[in-house]
Structures are given as structure tokens and as C-alpha cells.
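File shown: query-v7.pdb (PDB, C-alpha atoms).
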ATOM      1  CA  MET A   1      27.687 -20.567 -36.828
ATOM      2  CA  THR A   2      24.507 -18.634 -37.511
ATOM      3  CA  PRO A   3      23.558 -16.386 -34.582
ATOM      4  CA  LEU A   4      20.175 -16.985 -33.009
ATOM      5  CA  ARG A   5      17.422 -14.673 -34.038
ATOM      6  CA  PRO A   6      16.268 -12.140 -31.432
ATOM      7  CA  ARG A   7      12.900 -13.867 -31.087
ATOM      8  CA  VAL A   8      14.527 -17.224 -30.435
ATOM      9  CA  ARG A   9      16.866 -15.728 -27.861
ATOM     10  CA  ARG A  10      13.915 -14.230 -26.028
ATOM     11  CA  ILE A  11      12.092 -17.568 -25.670
ATOM     12  CA  PRO A  12      13.794 -18.575 -22.345
ATOM     13  CA  LEU A  13      13.194 -15.110 -20.899
ATOM     14  CA  ASN A  14       9.558 -15.115 -21.972
ATOM     15  CA  ALA A  15       9.089 -18.603 -20.545
ATOM     16  CA  ALA A  16      10.638 -17.577 -17.223
ATOM     17  CA  ALA A  17       8.461 -14.457 -17.110
ATOM     18  CA  THR A  18       5.348 -16.527 -17.844
ATOM     19  CA  VAL A  19       6.150 -19.017 -15.077
ATOM     20  CA  THR A  20       6.777 -16.174 -12.626
ATOM     21  CA  VAL A  21       3.468 -14.500 -13.468
ATOM     22  CA  VAL A  22       1.567 -17.777 -13.128
ATOM     23  CA  VAL A  23       3.157 -18.579  -9.764
ATOM     24  CA  CYS A  24       2.415 -15.096  -8.435
ATOM     25  CA  LEU A  25      -1.156 -14.907  -9.716
ATOM     26  CA  PHE A  26      -2.267 -18.459  -8.904
ATOM     27  CA  PRO A  27      -2.942 -17.725  -5.172
ATOM     28  CA  VAL A  28      -5.048 -14.743  -6.212
ATOM     29  CA  TYR A  29      -6.974 -16.886  -8.680
ATOM     30  CA  TRP A  30      -7.481 -19.588  -6.044
ATOM     31  CA  MET A  31      -8.801 -17.007  -3.571
ATOM     32  CA  ILE A  32     -11.329 -15.673  -6.086
ATOM     33  CA  SER A  33     -12.260 -19.157  -7.261
ATOM     34  CA  THR A  34     -12.850 -20.346  -3.697
ATOM     35  CA  ALA A  35     -15.006 -17.285  -3.022
ATOM     36  CA  PHE A  36     -17.409 -18.424  -5.774
ATOM     37  CA  THR A  37     -17.258 -22.161  -4.958
ATOM     38  CA  PRO A  38     -20.124 -23.727  -2.967
ATOM     39  CA  SER A  39     -19.207 -24.811   0.561
ATOM     40  CA  ARG A  40     -19.658 -28.503  -0.210
ATOM     41  CA  ASP A  41     -16.952 -28.327  -2.910
ATOM     42  CA  ILE A  42     -14.360 -26.169  -1.108
ATOM     43  CA  GLN A  43     -12.868 -28.986   0.971
ATOM     44  CA  SER A  44     -13.630 -31.727  -1.518
ATOM     45  CA  ALA A  45     -11.177 -34.611  -1.858
ATOM     46  CA  ASP A  46     -11.166 -33.867  -5.594
ATOM     47  CA  PRO A  47     -10.331 -30.133  -5.925
ATOM     48  CA  ARG A  48     -10.858 -28.507  -9.301
ATOM     49  CA  LEU A  49      -9.214 -25.464 -10.846
ATOM     50  CA  VAL A  50     -12.599 -24.386 -12.208
ATOM     51  CA  PRO A  51     -15.556 -24.778  -9.812
ATOM     52  CA  ARG A  52     -18.286 -27.190 -10.854
ATOM     53  CA  ALA A  53     -20.881 -24.658  -9.721
ATOM     54  CA  TRP A  54     -20.816 -20.981  -8.807
ATOM     55  CA  THR A  55     -22.429 -19.199  -5.879
ATOM     56  CA  LEU A  56     -22.645 -15.722  -4.351
ATOM     57  CA  ASP A  57     -23.592 -16.966  -0.893
ATOM     58  CA  HIS A  58     -20.116 -16.370   0.509
ATOM     59  CA  PHE A  59     -20.170 -12.733  -0.605
ATOM     60  CA  ARG A  60     -23.599 -12.273   0.958
ATOM     61  CA  ARG A  61     -22.316 -13.645   4.264
ATOM     62  CA  ALA A  62     -19.216 -11.464   4.092
ATOM     63  CA  VAL A  63     -21.102  -8.244   3.322
ATOM     64  CA  GLY A  64     -23.795  -9.118   5.859
ATOM     65  CA  ALA A  65     -21.292  -9.943   8.608
ATOM     66  CA  GLU A  66     -21.422  -7.802  11.734
ATOM     67  CA  GLY A  67     -19.178  -4.760  11.506
ATOM     68  CA  PHE A  68     -18.384  -4.944   7.786
ATOM     69  CA  GLU A  69     -19.411  -1.369   6.986
ATOM     70  CA  LEU A  70     -17.930  -0.013  10.232
ATOM     71  CA  PHE A  71     -14.551  -1.685   9.768
ATOM     72  CA  TRP A  72     -14.493  -0.649   6.113
ATOM     73  CA  ARG A  73     -14.971   2.967   7.149
ATOM     74  CA  ASN A  74     -12.253   2.647   9.803
ATOM     75  CA  SER A  75      -9.769   1.281   7.278
ATOM     76  CA  VAL A  76     -10.534   4.045   4.783
ATOM     77  CA  LEU A  77     -10.165   6.806   7.383
ATOM     78  CA  VAL A  78      -6.926   5.449   8.841
ATOM     79  CA  THR A  79      -5.360   4.716   5.451
ATOM     80  CA  LEU A  80      -6.235   8.030   3.812
ATOM     81  CA  GLY A  81      -5.181   9.964   6.899
ATOM     82  CA  ALA A  82      -1.791   8.236   7.012
ATOM     83  CA  VAL A  83      -1.173   8.701   3.276
ATOM     84  CA  LEU A  84      -2.074  12.405   3.286
ATOM     85  CA  LEU A  85       0.071  13.100   6.356
ATOM     86  CA  SER A  86       2.980  11.190   4.856
ATOM     87  CA  LEU A  87       2.792  13.054   1.542
ATOM     88  CA  LEU A  88       2.550  16.447   3.235
ATOM     89  CA  VAL A  89       5.528  15.931   5.565
ATOM     90  CA  ALA A  90       7.646  13.983   3.079
ATOM     91  CA  LEU A  91       7.213  16.606   0.363
ATOM     92  CA  GLY A  92       8.812  19.290   2.516
ATOM     93  CA  ALA A  93      11.560  16.973   3.760
ATOM     94  CA  ALA A  94      12.358  15.673   0.270
ATOM     95  CA  PHE A  95      12.534  19.211  -1.122
ATOM     96  CA  ALA A  96      14.905  20.290   1.651
ATOM     97  CA  VAL A  97      17.152  17.297   1.048
ATOM     98  CA  ALA A  98      17.152  17.522  -2.754
ATOM     99  CA  ARG A  99      17.378  21.306  -3.235
ATOM    100  CA  MET A 100      19.072  22.763  -0.153
ATOM    101  CA  ARG A 101      22.487  22.376   1.418
ATOM    102  CA  TRP A 102      22.520  22.463   5.216
ATOM    103  CA  ARG A 103      24.536  21.057   8.077
ATOM    104  CA  GLY A 104      23.482  17.523   8.981
ATOM    105  CA  ARG A 105      21.900  16.826   5.600
ATOM    106  CA  ARG A 106      23.903  13.634   4.966
ATOM    107  CA  GLN A 107      23.204  12.379   8.484
ATOM    108  CA  PHE A 108      19.498  13.035   7.998
ATOM    109  CA  ILE A 109      19.444  11.047   4.749
ATOM    110  CA  LEU A 110      21.305   8.205   6.470
ATOM    111  CA  MET A 111      18.769   8.159   9.297
ATOM    112  CA  VAL A 112      15.917   8.026   6.791
ATOM    113  CA  PHE A 113      17.497   5.041   5.038
ATOM    114  CA  ILE A 114      18.053   3.266   8.361
ATOM    115  CA  ALA A 115      14.432   3.883   9.339
ATOM    116  CA  GLN A 116      13.338   2.503   5.967
ATOM    117  CA  MET A 117      15.371  -0.694   6.461
ATOM    118  CA  ALA A 118      14.291  -1.279  10.069
ATOM    119  CA  PRO A 119      11.630  -3.995  10.574
ATOM    120  CA  TRP A 120       8.631  -2.162  11.963
ATOM    121  CA  GLU A 121       7.336  -5.309  13.635
ATOM    122  CA  SER A 122      10.227  -4.998  16.117
ATOM    123  CA  LEU A 123       8.700  -1.750  17.399
ATOM    124  CA  ILE A 124       5.317  -3.211  18.310
ATOM    125  CA  ILE A 125       6.136  -3.584  22.017
ATOM    126  CA  PRO A 126       7.673  -0.082  22.457
ATOM    127  CA  ILE A 127       4.797   1.533  20.566
ATOM    128  CA  TYR A 128       2.291  -0.465  22.608
ATOM    129  CA  ILE A 129       3.903   0.682  25.875
ATOM    130  CA  ILE A 130       3.998   4.310  24.728
ATOM    131  CA  SER A 131       0.364   4.153  23.605
ATOM    132  CA  ARG A 132      -0.674   2.561  26.891
ATOM    133  CA  ASP A 133       1.166   5.118  29.034
ATOM    134  CA  THR A 134      -0.244   8.051  27.047
ATOM    135  CA  ASP A 135      -3.794   6.657  27.044
ATOM    136  CA  MET A 136      -3.750   6.254  23.246
ATOM    137  CA  LEU A 137      -4.725   2.590  23.017
ATOM    138  CA  ASP A 138      -7.917   1.600  21.183
ATOM    139  CA  ARG A 139      -7.996   4.801  19.139
ATOM    140  CA  LEU A 140      -7.962   5.238  15.386
ATOM    141  CA  PRO A 141      -5.691   8.327  15.480
ATOM    142  CA  THR A 142      -3.014   6.109  17.059
ATOM    143  CA  LEU A 143      -3.156   3.722  14.114
ATOM    144  CA  THR A 144      -3.059   6.673  11.718
ATOM    145  CA  LEU A 145       0.128   7.998  13.339
ATOM    146  CA  VAL A 146       1.746   4.543  13.329
ATOM    147  CA  TYR A 147       0.998   4.019   9.627
ATOM    148  CA  PHE A 148       2.247   7.546   8.956
ATOM    149  CA  MET A 149       5.575   6.676  10.612
ATOM    150  CA  ILE A 150       5.805   3.416   8.651
ATOM    151  CA  THR A 151       5.260   5.017   5.245
ATOM    152  CA  LEU A 152       7.152   8.285   5.836
ATOM    153  CA  PRO A 153      10.781   7.096   5.237
ATOM    154  CA  PHE A 154       9.937   5.424   1.921
ATOM    155  CA  THR A 155       7.946   8.462   0.812
ATOM    156  CA  ILE A 156      10.862  10.809   1.573
ATOM    157  CA  VAL A 157      13.325   8.607  -0.318
ATOM    158  CA  VAL A 158      11.137   8.275  -3.406
ATOM    159  CA  LEU A 159      10.092  11.932  -3.566
ATOM    160  CA  ARG A 160      13.718  12.996  -3.120
ATOM    161  CA  GLY A 161      14.577  10.991  -6.230
ATOM    162  CA  PHE A 162      11.722  12.527  -8.207
ATOM    163  CA  ILE A 163      12.627  16.068  -7.158
ATOM    164  CA  GLY A 164      16.251  15.400  -8.098
ATOM    165  CA  THR A 165      15.218  14.616 -11.680
ATOM    166  CA  ILE A 166      13.496  17.985 -12.129
ATOM    167  CA  PRO A 167      16.003  20.498 -13.514
ATOM    168  CA  PRO A 168      16.523  23.315 -10.974
ATOM    169  CA  GLU A 169      16.809  25.737 -13.915
ATOM    170  CA  LEU A 170      13.031  25.623 -14.226
ATOM    171  CA  GLU A 171      12.547  26.935 -10.705
ATOM    172  CA  GLU A 172      15.351  29.474 -11.164
ATOM    173  CA  ALA A 173      13.630  30.816 -14.267
ATOM    174  CA  ALA A 174      10.378  31.193 -12.325
ATOM    175  CA  ARG A 175      12.211  33.059  -9.547
ATOM    176  CA  VAL A 176      13.737  35.413 -12.131
ATOM    177  CA  ASP A 177      10.181  36.162 -13.252
ATOM    178  CA  GLY A 178       9.265  37.191  -9.707
ATOM    179  CA  CYS A 179       8.216  33.989  -7.948
ATOM    180  CA  THR A 180       9.404  33.190  -4.450
ATOM    181  CA  ARG A 181      11.143  29.865  -3.769
ATOM    182  CA  THR A 182       7.890  28.414  -2.486
ATOM    183  CA  GLY A 183       5.904  29.865  -5.392
ATOM    184  CA  ALA A 184       8.365  28.531  -7.953
ATOM    185  CA  PHE A 185       8.170  25.053  -6.427
ATOM    186  CA  ARG A 186       4.377  25.130  -6.263
ATOM    187  CA  ARG A 187       3.850  26.401  -9.807
ATOM    188  CA  VAL A 188       6.694  24.675 -11.658
ATOM    189  CA  ALA A 189       7.998  21.635  -9.802
ATOM    190  CA  LEU A 190       4.843  20.411  -8.084
ATOM    191  CA  PRO A 191       2.913  19.680 -11.313
ATOM    192  CA  LEU A 192       5.892  17.650 -12.540
ATOM    193  CA  LEU A 193       5.881  15.706  -9.267
ATOM    194  CA  VAL A 194       2.424  14.258  -9.871
ATOM    195  CA  PRO A 195       3.769  10.828 -10.979
ATOM    196  CA  GLY A 196       5.987  10.685  -7.883
ATOM    197  CA  LEU A 197       3.105  11.627  -5.626
ATOM    198  CA  MET A 198       0.979   8.955  -7.279
ATOM    199  CA  ALA A 199       3.654   6.284  -6.832
ATOM    200  CA  THR A 200       4.279   7.061  -3.172
ATOM    201  CA  SER A 201       0.589   7.387  -2.350
ATOM    202  CA  LEU A 202      -0.017   3.988  -3.953
ATOM    203  CA  PHE A 203       2.694   2.391  -1.812
ATOM    204  CA  GLY A 204       1.426   4.128   1.315
ATOM    205  CA  PHE A 205      -2.153   3.084   0.638
ATOM    206  CA  ILE A 206      -1.269  -0.580   0.110
ATOM    207  CA  THR A 207       0.987  -0.641   3.188
ATOM    208  CA  ALA A 208      -1.565   0.929   5.523
ATOM    209  CA  TRP A 209      -4.536  -0.879   4.004
ATOM    210  CA  ASN A 210      -2.985  -4.341   4.456
ATOM    211  CA  GLU A 211      -1.355  -3.816   7.876
ATOM    212  CA  PHE A 212      -2.536  -6.303  10.503
ATOM    213  CA  ALA A 213      -0.101  -6.528  13.430
ATOM    214  CA  TYR A 214      -0.459  -2.994  14.810
ATOM    215  CA  ALA A 215      -4.211  -2.951  14.230
ATOM    216  CA  ASN A 216      -4.479  -6.189  16.192
ATOM    217  CA  PHE A 217      -2.264  -5.135  19.124
ATOM    218  CA  LEU A 218      -3.228  -1.475  19.530
ATOM    219  CA  ILE A 219      -7.004  -1.936  19.228
ATOM    220  CA  ILE A 220      -7.901  -4.422  21.966
ATOM    221  CA  LYS A 221     -10.941  -3.333  23.970
ATOM    222  CA  GLU A 222     -12.762  -1.093  21.497
ATOM    223  CA  GLN A 223     -13.805  -3.658  18.902
ATOM    224  CA  ASP A 224     -15.644  -0.986  16.901
ATOM    225  CA  ASN A 225     -12.287   0.698  16.129
ATOM    226  CA  ARG A 226     -10.763  -2.313  14.414
ATOM    227  CA  THR A 227      -9.895  -2.355  10.724
ATOM    228  CA  LEU A 228     -10.625  -4.754   7.887
ATOM    229  CA  PRO A 229      -7.463  -6.919   8.182
ATOM    230  CA  VAL A 230      -8.424  -7.764  11.767
ATOM    231  CA  TRP A 231     -12.034  -8.297  10.729
ATOM    232  CA  LEU A 232     -10.900 -10.896   8.185
ATOM    233  CA  SER A 233      -9.765 -13.157  11.010
ATOM    234  CA  SER A 234     -13.274 -13.245  12.490
ATOM    235  CA  PHE A 235     -14.803 -15.822  10.143
ATOM    236  CA  GLN A 236     -14.669 -18.660  12.627
ATOM    237  CA  ASN A 237     -17.413 -20.985  13.761
ATOM    238  CA  THR A 238     -17.684 -24.045  15.970
ATOM    239  CA  PHE A 239     -16.493 -26.214  13.089
ATOM    240  CA  GLY A 240     -13.412 -24.153  12.192
ATOM    241  CA  THR A 241     -12.775 -21.476   9.574
ATOM    242  CA  ASP A 242     -15.494 -20.529   7.129
ATOM    243  CA  TRP A 243     -13.200 -20.604   4.102
ATOM    244  CA  GLY A 244     -15.814 -19.516   1.609
ATOM    245  CA  ALA A 245     -16.729 -16.362   3.511
ATOM    246  CA  THR A 246     -13.069 -15.712   4.323
ATOM    247  CA  MET A 247     -12.061 -15.863   0.655
ATOM    248  CA  ALA A 248     -15.034 -13.705  -0.354
ATOM    249  CA  ALA A 249     -14.122 -11.122   2.287
ATOM    250  CA  SER A 250     -10.474 -11.227   1.166
ATOM    251  CA  THR A 251     -11.565 -10.612  -2.427
ATOM    252  CA  LEU A 252     -13.621  -7.598  -1.382
ATOM    253  CA  PHE A 253     -10.717  -6.412   0.757
ATOM    254  CA  ALA A 254      -8.302  -6.559  -2.202
ATOM    255  CA  LEU A 255     -10.571  -4.643  -4.593
ATOM    256  CA  PRO A 256      -9.786  -1.056  -3.422
ATOM    257  CA  ALA A 257      -6.025  -1.540  -3.760
ATOM    258  CA  LEU A 258      -6.493  -3.101  -7.195
ATOM    259  CA  VAL A 259      -8.759  -0.290  -8.377
ATOM    260  CA  ILE A 260      -6.366   2.400  -7.150
ATOM    261  CA  PHE A 261      -3.438   0.650  -8.822
ATOM    262  CA  LEU A 262      -5.284   0.481 -12.143
ATOM    263  CA  LEU A 263      -6.204   4.165 -11.882
ATOM    264  CA  LEU A 264      -2.689   5.336 -11.012
ATOM    265  CA  GLN A 265      -0.463   3.062 -13.078
ATOM    266  CA  ARG A 266      -0.528   5.335 -16.136
ATOM    267  CA  HIS A 267       0.583   8.315 -14.073
ATOM    268  CA  VAL A 268       3.240   6.359 -12.201
ATOM    269  CA  SER A 269       4.922   5.122 -15.374
ATOM    270  CA  ALA A 270       4.674   8.412 -17.258
ATOM    271  CA  GLY A 271       7.832  10.270 -18.186
ATOM    272  CA  PHE A 272       7.199  13.590 -16.524
ATOM    273  CA  ALA A 273      10.409  15.573 -16.949
ATOM    274  CA  SER A 274      11.713  14.365 -20.291
ATOM    275  CA  GLY A 275      13.224  17.252 -22.224
ATOM    276  CA  ALA A 276      11.943  19.815 -19.737
ATOM    277  CA  VAL A 277      14.831  22.239 -20.252
ATOM    278  CA  LYS A 278      15.198  21.912 -23.984
ATOM    279  CA  GLY A 279      14.459  25.017 -25.981
TER     280      GLY A 279
END
Rewrite the coordinates I just gave you, this time as C-alpha cells.
Amino acid sequence: MTPLRPRVRRIPLNAAATVTVVVCLFPVYWMISTAFTPSRDIQSADPRLVPRAWTLDHFRRAVGAEGFELFWRNSVLVTLGAVLLSLLVALGAAFAVARMRWRGRRQFILMVFIAQMAPWESLIIPIYIISRDTDMLDRLPTLTLVYFMITLPFTIVVLRGFIGTIPPELEEAARVDGCTRTGAFRRVALPLLVPGLMATSLFGFITAWNEFAYANFLIIKEQDNRTLPVWLSSFQNTFGTDWGATMAASTLFALPALVIFLLLQRHVSAGFASGAVKG
């Protein structure tokens, strides 16, 4: 019996991959399509994959909505603050776990994994009570700290893996040449960690940028301190949800994460330590 050619054998896998991509991307396409569809056609009894007509009215209403610029700024400040804090703390913790041997190291790693697996939604009530008792409700720094805690365990785990792939001989050679431990890490290992830093910062950005529950529960009275995910729920009128403006706002909301992903994907997938000790 003649064996199947490689191309023929790949047909089922390619078909499954194509179906998966279509299923995953169709909601995104429908969101963008609805954002450009006139209001009279959005809830038509005869929906179409391609709109009969195109309009920018929904985007104008979304951009012109009250608080758009303010909530956009809030989301940027909270997200960037959480990501930078997470990278700074996780870098030191990951280096200590990957390069040093100290009592309690295994227990620390176990605690980090447990924190990573824990559903953060279950901590909403305790965090709310703590924030209320410490007079930290309705403040952006509170959200920044919460997002920092959410992204920190994953960042430590990922950076630990990246640091573990960098041969320690490189740092040892730099120390022989006169560098301190910190100097050797900063000059030798840190440049090789750029892909890892990119990957973790991308995850942290998407997590903090999209988070809704904490932003909705911790920012109650001060409406000016709310973020974009909460703002997206505000497109209501006396007749129900303004789906056109909601989809347009959701499209604008998704753009920063998409742009950052496109900018960082090359660095994330790069092989950064291949053959580093050869020669």
C-alpha cells in the first residue's frame, strides 16, 4: 500500500486549523462589521455578513461620548503602571529563583504557582473590604496595585523560564572580567531577556487593559476614575443598548492591544540564546 504523501496527510490538520481560526476570528469580524453598519440594518430580520452600506456615525458617537478621553487616559495609566511594577519586581524574584539557592526556594515557587492558578475573581470581596477600610476605594493607584498582583505570578514564572535558558557561564565570564553579580546580569543576561520581557509585558498589558470586574467594584463614587472596560457598558438609552456605538467603542478599545501585539510578536518569537556559549 502506497503511503500517503506528506501534503495529503496534512490536509485534515490544515482543515482543522482553518476551522479553528474562522471560529475564533468570526466574533471579531462581526464586531467590526457591526461598527460600520448603519443602525437601521444592525437588528434587521435579514442579517448580512457584508453590510449593505457603511457608516462612521457609530465611531463619531463613541469618540464623542462623555468621558472617552478621560477613561482612555485612566486605562493607559493604570495598565502601564501595573506592567512596569510587575516587570520590575518579577525580574528580581525570577533571578533569585533561577540563579540562587536559598532556604524556602521550593516553597516560594510553589506559592507562586498556586497564586497563578487561583481565580482572582474570588478575591473581589476581600480586596473590596481592605480597600474600604484603608480608604483606598475610588482611586486609580488601588486598581494599579490590584492589576500588579494579578500579573505578578505569571510574570515571575515566565521570566524564571527565560532566565533558566541563559547559560550561567556567560555571567561567570563577565564576573571573571571584573563585573559584579548585578553588573554581569545587567550587561550580559538582561539584553538576552528582551524577548521574555516583551512576552510578559504583552500578557500583563492585555490582562490589565481588559479587566472589568475590579474596575467596576473598586471605582464606585468617583466616576471620573473609571476605565475603558467600564465605560463600554455605558452605551444605553431608553430603547436599550446602542449596539452600533458599543461595537465601535469595542473596536477602538481593542486597537491598542492589537497594535502592541503586532509590534512585539517578532521579539517574542525570536530565538535569543541559541548557541550563546559556542566558541
In Å and to one decimal, CA of Arg175 (chain A) is distant from CA of Thr200 (chain A) by 27.9 Å
I would like the residues chosen by the PyMOL selection byres ((chain A and resi 69-78) around 6) on the shown file; could you give them as a VMD selection string? chain A and resid 67 to 68 79 to 81 144 227 to 228
Compile the contact shell of Leu143 (chain A) as a list of chain:residue names: residues with an atom at most 8 Å away, counting all atoms listed in the file, same-chain residues fewer than 3 positions apart removed.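 Listing them by chain and then by number gives A:Val78, A:Arg139, A:Leu140, A:Val146, A:Tyr147, A:Tyr214, A:Ala215, A:Leu218.
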To box region 63-81 of chain A, take all atoms listed in the file, fit an axis-aligned box, add 5 Å on each side, and give centre and edge lengths in Å to one decimal, as lines of an AutoDock Vina configuration file.
center_x = -14.5
center_y = 0.0
center_z = 7.5
size_x = 28.6
size_y = 29.9
size_z = 18.4
Could you tell me which of A:Thr34, A:Asn210, A:Gln265, A:Ser234 comes closest to Trp54 (chain A) if we count all atoms listed in the file?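 Of A:Thr34, A:Asn210, A:Gln265, A:Ser234, the one nearest Trp54 (chain A) is A:Thr34, counting all atoms listed in the file.
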Ranking A:Asp135, A:Ile32, A:Gly64, A:Ile156 by minimum distance to Phe108 (chain A) and counting only C-alpha atoms, which one comes first? A:Ile156
How far is it from CA of Glu222 (chain A) to CA of Phe203 (chain A), in Å with one decimal? 28.2 Å
Rank A:Ala93, A:Ile163, A:Leu252, A:Ala213 by their smallest atom-to-atom distance to Val194 (chain A), using all atoms listed in the file, and report the top residue only.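 Looking at the shortest contact to Val194 (chain A), the residue is A:Ile163.
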Test item: the PyMOL selection byres ((chain A and resi 174) around 12) resolved as a PDB file with C-alpha atoms, keeping the file's coordinate frame:
ATOM      1  CA  PRO A 168      16.523  23.315 -10.974  1.00  0.00           C
ATOM      2  CA  GLU A 169      16.809  25.737 -13.915  1.00  0.00           C
ATOM      3  CA  LEU A 170      13.031  25.623 -14.226  1.00  0.00           C
ATOM      4  CA  GLU A 171      12.547  26.935 -10.705  1.00  0.00           C
ATOM      5  CA  GLU A 172      15.351  29.474 -11.164  1.00  0.00           C
ATOM      6  CA  ALA A 173      13.630  30.816 -14.267  1.00  0.00           C
ATOM      7  CA  ARG A 175      12.211  33.059  -9.547  1.00  0.00           C
ATOM      8  CA  VAL A 176      13.737  35.413 -12.131  1.00  0.00           C
ATOM      9  CA  ASP A 177      10.181  36.162 -13.252  1.00  0.00           C
ATOM     10  CA  GLY A 178       9.265  37.191  -9.707  1.00  0.00           C
ATOM     11  CA  CYS A 179       8.216  33.989  -7.948  1.00  0.00           C
ATOM     12  CA  THR A 180       9.404  33.190  -4.450  1.00  0.00           C
ATOM     13  CA  ARG A 181      11.143  29.865  -3.769  1.00  0.00           C
ATOM     14  CA  THR A 182       7.890  28.414  -2.486  1.00  0.00           C
ATOM     15  CA  GLY A 183       5.904  29.865  -5.392  1.00  0.00           C
ATOM     16  CA  ALA A 184       8.365  28.531  -7.953  1.00  0.00           C
ATOM     17  CA  PHE A 185       8.170  25.053  -6.427  1.00  0.00           C
ATOM     18  CA  ARG A 186       4.377  25.130  -6.263  1.00  0.00           C
ATOM     19  CA  ARG A 187       3.850  26.401  -9.807  1.00  0.00           C
ATOM     20  CA  VAL A 188       6.694  24.675 -11.658  1.00  0.00           C
ATOM     21  CA  ALA A 189       7.998  21.635  -9.802  1.00  0.00           C
TER      22      ALA A 189
END
Pairwise distance for CA of Arg106 (chain A) and CA of Leu152 (chain A), rounded to one decimal in Å: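 Taking CA of Arg106 (chain A) as the start and CA of Leu152 (chain A) as the end point, the length is 17.6 Å.
Using all atoms listed in the file, the shortest contact distance between Arg52 (chain A) and any of A:Glu66, A:Thr37, A:Pro191, A:Asp224 is found at A:Thr37.
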